[in-house]
$ cat run.cif   # mmCIF, C-alpha atoms
data_input
#
loop_
_atom_site.label_atom_id
_atom_site.label_comp_id
_atom_site.auth_asym_id
_atom_site.auth_seq_id
_atom_site.Cartn_x
_atom_site.Cartn_y
_atom_site.Cartn_z
CA MET A 13 41.08 30.87 13.10
CA LYS A 14 43.36 33.68 12.04
CA GLN A 15 42.26 36.54 9.88
CA ASN A 16 44.44 38.01 7.16
CA LEU A 17 44.85 41.63 8.13
CA PRO A 18 46.98 44.25 6.45
CA PRO A 19 50.43 44.64 8.05
CA GLU A 20 49.69 48.09 9.50
CA THR A 21 46.63 46.80 11.31
CA GLU A 22 48.59 43.88 12.72
CA GLN A 23 51.28 46.23 14.05
CA MET A 24 48.63 48.40 15.62
CA LEU A 25 47.00 45.37 17.23
CA ARG A 26 50.34 44.21 18.68
CA ALA A 27 51.03 47.68 19.98
CA ASP A 28 47.78 47.94 21.86
CA ALA A 29 48.31 45.55 24.80
CA ASN A 30 44.72 45.71 26.02
CA LEU A 31 43.34 44.84 22.63
CA HIS A 32 45.85 42.03 22.29
CA GLU A 33 44.83 40.58 25.68
CA ALA A 34 41.11 40.79 24.79
CA LEU A 35 41.67 38.92 21.52
CA ARG A 36 43.71 36.24 23.28
CA ARG A 37 40.92 35.70 25.84
CA ARG A 38 38.29 35.55 23.13
CA HIS A 39 40.15 32.81 21.29
CA ALA A 40 40.85 30.92 24.52
CA ASP A 41 37.12 30.75 25.36
CA GLU A 42 36.25 29.11 22.06
CA PRO A 43 36.04 25.32 22.29
CA GLN A 44 39.05 23.65 20.78
CA LEU A 45 38.99 20.27 19.08
CA PRO A 46 41.54 17.76 20.31
CA ASP A 47 44.54 17.19 18.11
CA ASP A 48 43.59 13.58 17.34
CA PHE A 49 39.95 14.43 16.49
CA ALA A 50 40.29 13.76 12.77
CA GLN A 51 41.93 10.37 13.39
CA ARG A 52 39.22 9.30 15.87
CA LEU A 53 36.49 10.40 13.47
CA GLN A 54 37.97 8.37 10.62
CA ALA A 55 38.36 5.33 12.90
CA ARG A 56 34.70 5.56 13.95
CA ILE A 57 33.53 5.85 10.34
CA ARG A 58 35.57 2.80 9.36
CA ALA A 59 34.16 0.83 12.31
CA GLU A 60 30.58 1.67 11.29
CA HIS A 61 31.21 0.50 7.74
CA GLU A 62 32.84 -2.70 8.92
CA LYS A 63 29.88 -3.68 11.13
CA LYS A 64 27.77 -6.44 9.62
CA PRO A 65 24.50 -4.86 8.37
CA VAL A 66 21.14 -6.50 9.14
CA SER A 67 20.80 -9.35 6.73
CA LEU A 68 18.32 -8.71 3.97
CA HIS A 69 17.88 -12.46 3.79
CA THR A 70 16.53 -12.55 7.37
CA HIS A 71 14.31 -9.55 6.66
CA ARG A 72 12.79 -11.28 3.62
CA TRP A 73 12.06 -14.45 5.60
CA ARG A 74 10.26 -12.45 8.27
CA ASN A 75 8.11 -10.73 5.63
CA MET A 76 7.32 -14.04 3.98
CA ALA A 77 6.38 -15.60 7.32
CA ALA A 78 4.07 -12.68 8.15
CA ALA A 79 2.41 -12.95 4.73
CA LEU A 80 1.97 -16.71 5.18
CA VAL A 81 0.34 -16.22 8.60
CA GLY A 82 -2.02 -13.66 7.07
CA VAL A 83 -2.99 -16.00 4.24
CA LEU A 84 -3.56 -18.88 6.67
CA LEU A 85 -5.82 -16.70 8.83
CA VAL A 86 -7.91 -15.69 5.82
CA VAL A 87 -8.16 -19.27 4.53
CA GLY A 88 -9.03 -20.53 8.01
CA GLY A 89 -11.75 -17.91 8.38
CA LEU A 90 -13.23 -18.82 5.01
CA ALA A 91 -13.12 -22.53 5.88
CA PHE A 92 -14.83 -21.87 9.21
CA ALA A 93 -17.55 -19.83 7.50
CA ALA A 94 -18.09 -22.55 4.87
CA VAL A 95 -18.38 -25.29 7.51
CA ARG A 96 -20.74 -23.17 9.60
CA LEU A 97 -22.90 -22.41 6.57
CA THR A 98 -22.98 -26.08 5.62
CA PHE A 99 -24.16 -27.10 9.10
CA LEU A 100 -26.80 -24.36 9.13
CA ARG A 101 -28.14 -25.56 5.79
CA GLN A 102 -28.22 -29.18 6.98
CA GLU A 103 -29.93 -28.18 10.23
CA GLU A 104 -32.78 -26.23 8.64
CA PRO A 105 -33.72 -27.74 5.31
CA LEU A 106 -37.44 -27.36 5.97
CA CYS A 107 -37.01 -23.80 7.13
CA SER A 108 -35.26 -22.85 3.89
CA ASP A 109 -38.06 -24.50 1.93
CA SER A 110 -40.73 -22.66 3.87
CA ILE A 111 -39.00 -19.30 3.41
CA ALA A 112 -38.68 -20.00 -0.30
CA ALA A 113 -42.37 -20.92 -0.38
CA GLN A 114 -43.12 -17.73 1.55
CA ARG A 115 -41.27 -15.64 -1.01
CA LYS A 116 -43.12 -17.35 -3.85
CA GLU A 117 -46.43 -16.64 -2.16
CA GLU A 118 -45.50 -12.98 -1.66
CA THR A 119 -44.99 -12.63 -5.40
CA ARG A 120 -48.49 -13.95 -6.09
CA ALA A 121 -51.43 -11.63 -6.47
CA GLU A 122 -52.17 -9.53 -3.41
CA SER A 123 -55.67 -11.00 -3.20
CA ASP A 124 -54.07 -14.12 -1.72
CA SER A 125 -53.28 -12.80 1.75
CA ILE A 126 -52.67 -16.09 3.61
CA THR A 127 -49.17 -17.39 4.13
CA CYS A 128 -48.70 -20.94 5.36
CA PHE A 129 -45.73 -21.82 7.52
CA ARG A 130 -45.10 -25.54 7.89
CA ASN A 131 -42.62 -26.86 10.45
CA THR A 132 -40.85 -23.49 10.45
CA ARG A 133 -38.51 -22.28 13.19
CA LEU A 134 -39.89 -19.42 15.24
CA ASP A 135 -36.93 -17.15 14.50
CA SER A 136 -37.43 -17.57 10.73
CA LEU A 137 -41.19 -17.14 11.03
CA LEU A 138 -40.86 -13.93 13.06
CA LEU A 139 -38.25 -12.59 10.67
CA VAL A 140 -40.80 -12.75 7.83
CA VAL A 141 -43.70 -11.44 9.91
CA GLY A 142 -41.60 -8.74 11.59
CA SER A 143 -40.24 -7.45 8.28
CA HIS A 144 -43.81 -7.24 6.91
CA TYR A 145 -44.91 -5.07 9.86
CA ARG A 146 -41.51 -3.28 9.92
CA HIS A 147 -40.59 -4.60 13.37
CA ALA A 148 -37.24 -5.88 14.60
CA VAL A 149 -37.25 -9.17 16.51
CA VAL A 150 -35.45 -9.58 19.85
CA PHE A 151 -35.26 -12.91 21.65
CA ILE A 152 -34.89 -12.35 25.38
CA ASP A 153 -34.38 -16.09 25.88
CA GLU A 154 -32.63 -18.32 23.33
CA GLU A 155 -34.86 -21.36 23.90
CA PRO A 156 -37.86 -20.24 21.79
CA GLN A 157 -35.75 -19.61 18.68
CA SER A 158 -35.60 -23.27 17.75
CA LEU A 159 -39.31 -24.00 18.33
CA ARG A 160 -41.06 -25.11 15.15
CA PHE A 161 -44.52 -23.94 14.14
CA SER A 162 -47.12 -24.83 11.53
CA ILE A 163 -49.37 -21.81 11.26
CA ASP A 164 -51.32 -19.82 8.68
CA TRP A 165 -50.77 -16.07 8.75
CA ASN A 166 -53.03 -13.51 7.16
CA HIS A 167 -50.79 -10.52 6.51
CA GLU A 168 -53.77 -8.23 5.92
CA ARG A 169 -54.75 -8.62 9.56
CA PRO A 170 -53.12 -6.50 12.29
CA LEU A 171 -50.00 -7.64 14.10
CA ALA A 172 -51.93 -7.91 17.37
CA ASP A 173 -54.01 -10.78 15.91
CA PHE A 174 -50.89 -12.72 14.96
CA LEU A 175 -49.33 -12.13 18.41
CA ALA A 176 -52.52 -13.30 20.13
CA THR A 177 -52.40 -16.52 18.10
CA ILE A 178 -48.75 -17.21 18.98
CA ASN A 179 -49.27 -16.30 22.65
CA GLU A 180 -51.85 -19.09 22.94
CA PHE A 181 -48.96 -21.56 23.03
CA GLU A 182 -47.84 -22.42 26.54
CA GLY A 183 -44.51 -21.12 27.76
CA LEU A 184 -44.18 -18.42 25.10
CA GLN A 185 -44.83 -14.68 25.32
CA LEU A 186 -44.58 -12.23 22.41
CA THR A 187 -44.99 -8.49 22.95
CA ALA A 188 -44.77 -5.58 20.53
CA GLU A 189 -43.33 -2.29 21.74
CA ARG A 190 -42.80 0.54 19.29
CA ASP A 191 -41.00 -1.11 16.36
CA THR A 192 -39.70 -4.22 18.13
CA LEU A 193 -41.12 -7.69 18.81
CA TYR A 194 -39.89 -9.19 22.08
CA VAL A 195 -39.94 -12.97 22.53
CA GLU A 196 -39.45 -14.65 25.89
CA SER A 197 -40.08 -17.94 27.61
CA VAL A 198 -42.69 -17.89 30.34
CA GLU A 199 -42.81 -20.55 33.00
CA GLU A 200 -46.33 -21.24 34.12
CA GLU A 201 -46.78 -21.67 37.85
CA ARG A 202 -48.38 -24.93 38.76
CA GLU A 203 -50.92 -24.98 41.51
CA GLU A 204 -50.12 -27.50 44.16
CA ASP A 205 -52.95 -29.54 45.55
CA GLU A 206 -53.35 -28.98 49.24
CA PRO A 207 -54.17 -32.07 51.36
#

$ encode --input "run.cif" --output "structure tokens"
Amino acid sequence: MKQNLPPETEQMLRADANLHEALRRRHADEPQLPDDFAQRLQARIRAEHEKKPVSLHTHRWRNMAAALVGVLLVVGGLAFAAVRLTFLRQEEPLCSDSIAAQRKEETRAESDSITCFRNTRLDSLLLVVGSHYRHAVVFIDEEPQSLRFSIDWNHERPLADFLATINEFEGLQLTAERDTLYVESVEEEREEDEP
């Protein structure tokens, strides 16, 4: 990189040997580009342009495949939920009827305080009773959930009365702690006759 200096300044620079040597060293320390740099740069640019770009066709197929997998997962999930719901409805037709009857009875006058459960699963029965007393229901064992009961419940009576009635059944223990009803199976110990 050469500067355009007036002729007098150039003569003065050539005359001063020390200054001339310092300028030469300064320019020698600067990195120099190779002579064929421009040719190599153009060759590299041409090579990049000649490379085959990623096919947009392949990219589209991948996106379509991902969308198809997503749709299949959603449809499969909906189908699974529909089948599960169908089996649950087939399994508990009486339970659904008793809950519907329960709801009808709740809309009646409040003077009618007795609710009748007929052949109702324990989990459904406790859901209604627990919601009335504002208690959650927790089954410690899964076995009692499917037990069916026919019982009359007076919802004006305290929860303790209802629990005492249910606890009269063998192998079943209901307890109320704070705002939760706990249900568990209890195995009764049999006394062995001694000879």

$ resolve_selection --input "run.cif" --expression "the PyMOL selection byres ((chain A and resi 161-175) around 10)" --output "VMD selection string"
chain A and resid 122 to 134 137 141 to 142 144 to 145 147 158 to 160 176 to 180 185 to 188 193

$ atom_distance --input "run.cif" --atom1 "CA of Glu182 (chain A)" --atom2 "CA of Glu199 (chain A)"
8.4 Å

$ atom_distance --input "run.cif" --atom1 "CA of Thr70 (chain A)" --atom2 "CA of Leu84 (chain A)"
21.1 Å

$ atom_distance --input "run.cif" --atom1 "CA of Asp191 (chain A)" --atom2 "CA of Asp135 (chain A)"
16.7 Å

$ axis_aligned_box --input "run.cif" --around "region 163-175 of chain A" --padding-each-side "8 Å" --output "lines of an AutoDock Vina configuration file"
center_x = -52.0
center_y = -14.2
center_z = 12.2
size_x = 21.4
size_y = 31.3
size_z = 28.5
